[in-house]
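Undergrad: Take a look at this one; I'll ask things after.
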Amino acid sequence: MPPAPRRTALLCALLTCAAPLTTGTATAAEPHAAAPSPHFGTCPASVPAPPAPDRVECGTVSVPLDHTRPDGEHIRIAVSRVRASGTPAERRGVLLVNPGGPGGSGLPYAVTKRAKLPESVRRAYDVIGFDPRGTGHSAPADCGPMGGLFDSPAAAPVPHDRPGERAYLDAQRRLAADCATGTGRALPHLSTSETARDMDAVRTALGEPRISYLGVSYGTYLGAAYAARFPDRVGKLVLDSVVGPEDWHAFDVRQARAMLRQRDVLFDWLARHDSRFRLGTTPREVRAAYLRTRDGLTTHPVAGFGAAAFDRAVYRALGRTERWTALGDGLRAYLDEGAVDRLRPAEPFDGPASRTYQAANRAVKCADGPGPTPGRVLADIRGLRRLDPQPVLTGLEAASCAYWHTRPAERTRLGSPTAPPALLVASAHDPVTPIAGARALGRTLPGSRLVTLHNDYSHGVFASRGNSCVDSTVAAYLVGDTVPAGDVHCEGPGLPEPTPPRP
């Protein structure tokens with residue numbers, strides 16, 4: 001996994017690295033060591049240009065593969081920056097941003113997320129994006145075939161009998177073996193704790209005494225890990241759509257239960273709009289139409305689109321209500337014409353970026369703490385099937401940790417009683433990161449406040465849902481000097497109206 005010299009040279013050519021941002025030992029191992037000023041240049045094509053007059057620039061930071069061995073092998077962390085647009089008097093420092101995952105590329109996020117931030121935040125902060133180790137341009141992980149995950153069509157993802165359960169576990173075993181072979185000696189070093197130390201190396205390279213941070217989804221877990229290790233170097237900490245302080249498999253199962261609740265809400269919504277979707281006038285009729293679609297694609301995949309691809313499309317749609325219209329149209333198109341074009345996600349599942357994402361996702365989760373046993377994985381799947389015979393198991397990525405080739409002795413530490421109070425943000429009915437996680441993580445960050453968007457069913461809230469109550473509260477925290485006096489409650493939009501049908 002660590003880039004070979006030729007690959008490193010190519011990456012620096014892509015990022016126009018005039019010189020490495022760090023040399024020799026890592027700044028995370030020598031917290032107060034001086035670091036050369038960053039040498040930023042042009043960005044790879046994956047990073048969009050911000051609106052004029054702003055501009056984005058990219059570079060790399062050299063960090064140890066293993067932070068406990070600062071003189072050992074190094075990798076490069078790709079970093080992007082859009083400078084604050086305000087006056088020097090308005091500047092509050094740097095705001096590192098992370099889009100989630102684990103496995104999400106953060107390099108373009110400095111541009112895309114910044115464009116949605118309130119103007120006061122854009123004026124106050126240099127927004128810093130970065131690809132966490134194992135993703136994007138930061139020594140990307142490679143797990144090869146990943147146990148057949150990318151087969152087309154892939155095997156049915158929900159086991160319904162003992163042979164199916166054995167096949168499911170065998171796929172997880174093969175996935176773990178593929179990651180061990182493809183990622184090699186880097187495998188145990190793709191943890192959130194190591195990435196938190198990379199963040200501190202970025203801070204040192206930028207010459208900042210503290211960093212403020214905005215993390216979404218998995219990014220909240222990363223932010224809490226940074227606060228646990230470097231509480232005195234945290235400025236403002238915004239954790240949006242919060243992953244709770246539990247092991248990854250427990251989180252995945254909790255998410256799977258929430259997905260079932262959300263799917264029931266979807267079925268009811270589709271039934272209430274039967275004149276638009278024609279899937280049934282009751283949730284039970286809509287569910288039957290849904291199962292006819294899934295059963296048909298299980299038996300007769302269309303152009304490689306089978307049950308596994310269908311479940312991935314459903315999983316993706318359940319997390320954002322603005323995707324429900326497209327899913328309803330896709331169900332109707334399949335039942336009427338046998339067509340699957342409208343069911344396919346806009347982003348291809350089987351592409352280089354997706355393969356890196358899926359590899360990094362498992363590698364990070366399994367490096368963050370002891371994984372489940374195979375028996376626990378099966379018990380939890382059976383429990384989900386008791387809740388619903390046809391659950392959505394797409395998000396159970398940590399199941400492969402049952403067979404991981406390196407097993408950490410302890411879990412990643414999250415939060416610190418000495419870190420500054422954080423601002424946590426949650427949608428009341430988010431199925432991807434259920435709100436219970438925000439409440440639990442808040443208890444590890446004393447003095448923190450929770451901003452809840454009620455009557456909302458989507459993932460990602462601040463500078464995402466367009467809610468003025470949420471956005472103004474978070475902006476005041478980031479630019480001002482105090483946290484809210486108590487938890488904040490904002491009213492959400494409720495479920496959307498369907499978008500008009502395509503001509």
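Letters A, B, ... go to the chains of the structure tokens in the order shown; residues in each chain start at 1; ligands are counted from 1 in the same order.
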Taking the DSSP assignment computed from this structure's backbone, write out as a PyMOL selection string all residues of range 62-149 of chain A that belong to helix (DSSP H, G or I).
TA: chain A and resi 88-90+109-112+114-116+119-124+146-148
Undergrad: Keeping C-alpha atoms for every residue in the selection just given, could you write it to a file as a compact mmCIF listing (two decimals), in the first residue's frame?
TA:
# COMPACT_ATOMS: atom_id res chain seq x y z
CA PRO A 88 -7.28 39.43 8.59
CA ALA A 89 -9.20 40.70 11.60
CA GLU A 90 -12.05 38.27 10.84
CA TYR A 109 -14.64 18.51 0.17
CA ALA A 110 -12.79 21.73 0.98
CA VAL A 111 -14.47 23.15 -2.13
CA THR A 112 -17.86 21.44 -2.16
CA ARG A 114 -17.21 25.30 1.79
CA ALA A 115 -19.59 26.44 -0.95
CA LYS A 116 -22.51 25.54 1.34
CA GLU A 119 -20.74 33.36 4.66
CA SER A 120 -19.50 34.25 8.14
CA VAL A 121 -17.74 30.88 8.36
CA ARG A 122 -16.23 31.23 4.88
CA ARG A 123 -14.86 34.64 5.85
CA ALA A 124 -13.40 33.38 9.14
CA MET A 146 -12.80 -8.33 -1.94
CA GLY A 147 -14.39 -11.74 -1.67
CA GLY A 148 -16.58 -11.26 -4.73
Undergrad: May I have the residues within 8 Å of Gly319 in chain A as a PyMOL selection string, using only C-alpha atoms and disregarding those fewer than 6 positions away in the same chain?
TA: chain A and resi 430-432+457-459
Undergrad: Kindly export the residues of the current selection with C-alpha atoms, as a short mmCIF file (atom, residue, chain, number, x, y, z; two decimals), in the first residue's frame.
TA:
data_model
loop_
_atom_site.label_atom_id
_atom_site.label_comp_id
_atom_site.auth_asym_id
_atom_site.auth_seq_id
_atom_site.Cartn_x
_atom_site.Cartn_y
_atom_site.Cartn_z
CA ASP A 430 -31.64 9.87 10.37
CA PRO A 431 -31.35 6.10 9.69
CA VAL A 432 -27.66 6.22 8.75
CA TYR A 457 -35.45 11.99 7.99
CA SER A 458 -32.16 12.59 6.19
CA HIS A 459 -28.44 12.15 6.79
#
Undergrad: Rank A:Leu95, A:Leu65, A:Ala52, A:Leu387 by their smallest atom-to-atom distance to Arg257 in chain A, using only C-alpha atoms, and report the top residue only.
TA: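 Of A:Leu95, A:Leu65, A:Ala52, A:Leu387, the one nearest Arg257 in chain A is A:Leu387, counting only C-alpha atoms.
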Undergrad: Need to verify the contact set: Glu73 in chain A, 9 Å, only C-alpha atoms, exclusion of same-chain residues closer than 6 positions in sequence. Can you return it as a PyMOL selection string?
TA: chain A and resi 2+63-66
Undergrad: Keeping only C-alpha atoms, write the selected residues as a PDB file, in the first residue's frame.
TA:
ATOM      1  CA  PRO A   2       2.669   2.661   0.770  1.00  0.00           C
ATOM      2  CA  VAL A  63       3.663  11.160   7.942  1.00  0.00           C
ATOM      3  CA  PRO A  64       4.926   7.852   9.338  1.00  0.00           C
ATOM      4  CA  LEU A  65       3.022   4.773   8.253  1.00  0.00           C
ATOM      5  CA  ASP A  66       3.274   3.745  11.923  1.00  0.00           C
TER       6      ASP A  66
END
Undergrad: Do you know which residues are at most 10 Å from Ala428 in chain A counting only C-alpha atoms, after dropping those on the same chain fewer than 4 positions away, and could you put them as an MDAnalysis selection string?
TA: chainID A and resid 241 433:436 451:459 491:492
Undergrad: Can you list, as a short mmCIF file (atom, residue, chain, number, x, y, z; two decimals) with N, CA and C atoms, in the first residue's frame, every protein, DNA or RNA residue that comes within 8 Å of Gly330 in chain A when you count only C-alpha atoms, leaving out same-chain residues fewer than 3 positions away?
TA:
data_model
loop_
_atom_site.label_atom_id
_atom_site.label_comp_id
_atom_site.auth_asym_id
_atom_site.auth_seq_id
_atom_site.Cartn_x
_atom_site.Cartn_y
_atom_site.Cartn_z
N ALA A 326 -36.98 9.06 -6.97
CA ALA A 326 -36.27 8.25 -7.97
C ALA A 326 -36.42 6.76 -7.68
N LEU A 327 -36.37 6.38 -6.39
CA LEU A 327 -36.54 4.97 -6.06
C LEU A 327 -37.95 4.50 -6.40
N ALA A 333 -40.89 1.45 -12.88
CA ALA A 333 -40.33 1.16 -14.20
C ALA A 333 -39.97 -0.32 -14.32
N TYR A 334 -39.44 -0.90 -13.24
CA TYR A 334 -39.11 -2.33 -13.30
C TYR A 334 -40.38 -3.16 -13.43
N ALA A 339 -37.24 -2.64 -16.57
CA ALA A 339 -36.08 -1.76 -16.72
C ALA A 339 -35.48 -1.44 -15.36
N VAL A 340 -34.14 -1.30 -15.30
CA VAL A 340 -33.46 -1.02 -14.03
C VAL A 340 -32.68 0.29 -14.07
N ASP A 341 -32.72 1.02 -15.17
CA ASP A 341 -31.92 2.23 -15.27
C ASP A 341 -32.20 3.22 -14.15
N ARG A 342 -33.47 3.34 -13.77
CA ARG A 342 -33.83 4.32 -12.74
C ARG A 342 -33.52 3.82 -11.33
N LEU A 343 -33.21 2.54 -11.20
CA LEU A 343 -32.82 2.00 -9.91
C LEU A 343 -31.31 2.11 -9.67
#
Undergrad: Which residues come within 12 Å of Phe230 in chain A, counting only C-alpha atoms, excluding same-chain residues fewer than 5 positions away, as a list in words?
TA: Ala28, Pro31, Ser193, Ala196, Arg197, Asp198, Met199, Asp200, Ala201, Arg203, Pro209, Arg210, Ile211, Leu222, Gly223, Ala224, Ala225, Gly235, Arg413, Leu414, Gly415, Ser416, Pro417, Thr418, Ala419 and Pro420 of chain A
Undergrad: Would you please work out which residue, of A:Val302, A:Ala476, A:Ala402, A:Leu260, is nearest to Leu384 in chain A when using only C-alpha atoms?
TA: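 Of A:Val302, A:Ala476, A:Ala402, A:Leu260, the one nearest Leu384 in chain A is A:Leu260, counting only C-alpha atoms.
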Undergrad: Within 9 Å of Asp54 in chain A, counting only C-alpha atoms, which residues qualify if same-chain residues fewer than 4 places away don't, as JSON, numbers by chain?
TA: {"A": [49, 50, 82, 83, 84, 85]}
Undergrad: Using only C-alpha atoms, which residue out of A:Arg69, A:Val216, A:Gly41, A:His74 lies closest to Val97 in chain A?
TA: A:Val216
Undergrad: So that each row is one residue of range 314-395 of chain A with an atom at most 9 Å from range 179-188 of chain A, can you give its shortest atom pair and the distance in Å to one decimal, using only C-alpha atoms, rows by chain and rising number, as a tab-separated table?
TA:
residue	atom	partner	partner_atom	distance
A:Ala359	CA	A:Cys179	CA	7.2
A:Arg362	CA	A:Cys179	CA	8.6
A:Ala363	CA	A:Leu187	CA	6.6
A:Val364	CA	A:Pro188	CA	8.6
A:Cys366	CA	A:Pro188	CA	8.4
A:Ala367	CA	A:Pro188	CA	5.5
A:Asp368	CA	A:Pro188	CA	8.9
Undergrad: Looking at only C-alpha atoms, which of A:Leu335, A:Pro498, A:Ala250, A:Arg316 is the one that sits closest to Gly296 in chain A?
TA: A:Leu335
Undergrad: Which of these, A:Leu190, A:Ala438, A:Val242, A:Leu214, has the shortest distance to Asn361 in chain A once you count only C-alpha atoms?
TA: A:Leu190
